[in-house]
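Q: This is upload17.cif (mmCIF, C-alpha atoms).
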```cif
data_query
loop_
_atom_site.label_atom_id
_atom_site.label_comp_id
_atom_site.auth_asym_id
_atom_site.auth_seq_id
_atom_site.Cartn_x
_atom_site.Cartn_y
_atom_site.Cartn_z
CA MET H 1490 179.35 -144.81 111.96
CA ASP H 1491 179.85 -143.19 115.33
CA THR H 1492 176.62 -143.04 117.38
CA GLY H 1493 178.14 -140.80 119.98
CA ARG H 1494 179.34 -141.41 123.47
CA TYR H 1495 175.98 -142.31 125.00
CA CYS H 1496 173.31 -144.71 123.76
CA PHE H 1497 169.71 -144.41 124.90
CA PRO H 1498 166.89 -146.86 124.23
CA VAL H 1499 164.10 -145.34 122.16
CA PHE H 1500 160.48 -146.39 122.67
CA LYS H 1501 158.94 -147.08 119.27
CA GLY H 1502 155.44 -148.04 120.39
CA LEU H 1503 153.81 -151.37 120.91
CA GLN H 1504 155.21 -154.13 118.75
CA LYS H 1505 152.14 -156.33 119.29
CA PRO H 1506 148.46 -155.40 119.39
CA LEU H 1507 147.12 -154.51 122.81
CA GLU H 1508 145.31 -157.44 124.45
CA PHE H 1509 144.22 -158.05 128.04
CA MET H 1510 142.45 -161.22 129.19
CA GLY H 1511 141.29 -162.02 125.66
CA LEU H 1512 139.95 -158.51 124.98
CA ARG H 1513 141.54 -156.56 122.18
CA GLY H 1514 142.33 -152.86 122.48
CA ARG H 1515 139.23 -151.12 121.24
CA PHE H 1516 136.89 -153.49 123.07
CA MET H 1517 138.34 -152.73 126.50
CA MET H 1518 136.26 -149.56 126.82
CA LEU H 1519 133.14 -151.53 125.93
CA ALA H 1520 134.02 -154.09 128.60
CA ALA H 1521 134.48 -151.34 131.19
CA ALA H 1522 131.13 -149.84 130.21
CA GLY H 1523 129.49 -153.27 130.46
CA ILE H 1524 130.88 -153.78 133.96
CA GLY H 1525 129.64 -150.34 134.97
CA VAL H 1526 126.17 -151.00 133.58
CA SER H 1527 125.99 -154.37 135.33
CA PHE H 1528 126.97 -152.70 138.63
CA LEU H 1529 124.24 -150.09 138.15
CA GLY H 1530 121.82 -152.91 137.34
CA TYR H 1531 122.77 -154.61 140.59
CA CYS H 1532 122.22 -151.41 142.57
CA ILE H 1533 118.80 -150.74 141.03
CA GLY H 1534 117.71 -154.40 141.26
CA ALA H 1535 118.85 -154.73 144.87
CA PHE H 1536 117.13 -151.48 145.85
CA CYS H 1537 113.82 -152.33 144.18
CA PHE H 1538 113.51 -156.10 144.57
CA GLY H 1539 116.23 -157.44 146.90
CA GLN H 1540 119.83 -158.56 146.74
CA LEU H 1541 119.17 -161.90 145.07
CA ILE H 1542 117.39 -160.25 142.15
CA GLY H 1543 120.15 -157.61 142.03
CA VAL H 1544 122.84 -160.29 141.71
CA ALA H 1545 120.83 -162.03 138.98
CA VAL H 1546 120.45 -158.76 137.05
CA CYS H 1547 124.18 -158.07 137.45
CA LEU H 1548 125.15 -161.50 136.12
CA VAL H 1549 122.75 -161.31 133.19
CA LEU H 1550 123.93 -157.84 132.14
CA ALA H 1551 127.61 -158.77 132.50
CA GLY H 1552 127.11 -161.96 130.52
CA LEU H 1553 125.24 -160.18 127.74
CA SER H 1554 127.86 -157.46 127.45
CA LEU H 1555 130.76 -159.92 127.35
CA ALA H 1556 128.98 -162.15 124.83
CA THR H 1557 128.32 -159.13 122.62
CA ILE H 1558 131.96 -158.05 122.85
CA PHE H 1559 133.33 -161.50 121.99
CA ILE H 1560 130.92 -161.84 119.03
CA LYS H 1561 131.93 -158.40 117.68
CA GLN H 1562 135.59 -159.20 118.30
CA LYS H 1563 135.30 -162.45 116.35
CA HIS H 1564 133.97 -160.61 113.29
CA GLY H 1565 136.97 -158.31 113.44
CA LEU H 1566 137.45 -155.16 111.44
CA HIS H 1567 135.23 -156.33 108.58
CA SER H 1568 132.01 -155.98 110.59
CA LYS H 1569 131.66 -152.36 109.56
CA LYS H 1570 128.64 -151.33 107.50
CA ARG H 1571 129.46 -150.67 103.90
CA SER H 1572 127.14 -148.86 101.55
CA ASN H 1573 126.59 -150.28 98.06
CA GLU H 1574 124.81 -147.15 96.89
CA ILE H 1575 126.13 -144.56 94.48
CA LEU H 1576 126.45 -141.28 96.33
CA ILE H 1577 126.50 -137.97 94.46
CA TYR H 1578 127.66 -134.91 96.36
CA HIS H 1579 126.11 -131.73 95.01
CA TYR H 1580 127.66 -128.36 95.74
CA LEU H 1581 130.92 -129.80 97.00
CA PHE H 1582 132.76 -126.76 95.72
CA ILE H 1583 130.73 -123.58 95.62
CA ARG H 1584 132.03 -120.78 93.40
CA LYS H 1585 131.27 -117.20 94.35
#
```
Would you mind writing the file's structure down as structure tokens?
A:
Amino acid sequence: MDTGRYCFPVFKGLQKPLEFMGLRGRFMMLAAAGIGVSFLGYCIGAFCFGQLIGVAVCLVLAGLSLATIFIKQKHGLHSKKRSNEILIYHYLFIRK
């Protein structure tokens, strides 16, 4: 089979799941939000009470957000809520 005169590499996507510093792909946005919230907590705490309290608030918020992310990440995809109820959809198709 002749592939032609030129051969070009084709990008077929990631072969492995995205992971950075122990955080999996969908949890990276949560980590960025947690860092942002901890920075805002530092700013508010430092403005109201002083820098030492601001640093303490920042560390507590960052620790809580990372702990929450690692706990959710450990449960994996099966941590979604699943309903055991029987749902009946009325008027799914309305005839005119």
Q: Taking the file as shown, what set of residues would the PyMOL selection byres ((chain H and resi 1549) around 12) give back, as an MDAnalysis selection string?
A: chainID H and resid 1523:1524 1526:1528 1530:1531 1534 1542:1548 1550:1556
Q: Could you take the residues named above and write them with C-alpha atoms, as a short mmCIF file (atom, residue, chain, number, x, y, z; two decimals), in the coordinates of the input?
A:
```cif
data_model
loop_
_atom_site.label_atom_id
_atom_site.label_comp_id
_atom_site.auth_asym_id
_atom_site.auth_seq_id
_atom_site.Cartn_x
_atom_site.Cartn_y
_atom_site.Cartn_z
CA GLY H 1523 129.49 -153.27 130.46
CA ILE H 1524 130.88 -153.78 133.96
CA VAL H 1526 126.17 -151.00 133.58
CA SER H 1527 125.99 -154.37 135.33
CA PHE H 1528 126.97 -152.70 138.63
CA GLY H 1530 121.82 -152.91 137.34
CA TYR H 1531 122.77 -154.61 140.59
CA GLY H 1534 117.71 -154.40 141.26
CA ILE H 1542 117.39 -160.25 142.15
CA GLY H 1543 120.15 -157.61 142.03
CA VAL H 1544 122.84 -160.29 141.71
CA ALA H 1545 120.83 -162.03 138.98
CA VAL H 1546 120.45 -158.76 137.05
CA CYS H 1547 124.18 -158.07 137.45
CA LEU H 1548 125.15 -161.50 136.12
CA LEU H 1550 123.93 -157.84 132.14
CA ALA H 1551 127.61 -158.77 132.50
CA GLY H 1552 127.11 -161.96 130.52
CA LEU H 1553 125.24 -160.18 127.74
CA SER H 1554 127.86 -157.46 127.45
CA LEU H 1555 130.76 -159.92 127.35
CA ALA H 1556 128.98 -162.15 124.83
#
```
Q: As an exercise, work out the distance from CA of Ala1520 in chain H to CA of Lys1505 in chain H in Å and give it to one decimal place.
A: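 Taking CA of Ala1520 in chain H as the start and CA of Lys1505 in chain H as the end point, the length is 20.5 Å.
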Q: Using CA of Asn1573 in chain H and CA of Ile1560 in chain H as the two end points, give the distance in Å to one decimal.
A: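 So the answer is 24.3 Å.
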Q: Just want the 12 Å neighbourhood of Met1517 in chain H, counted on all atoms listed in the file, with same-chain residues fewer than 4 positions away dropped. Output as a ChimeraX atom specification.
A: /H:1507-1513,1521-1524,1554-1555,1558-1559,1562
Q: Quick check, in Å to one decimal: how far apart do CA of Ile1533 in chain H and CA of Lys1561 in chain H lie?
A: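 Between CA of Ile1533 in chain H and CA of Lys1561 in chain H the gap is 27.9 Å.
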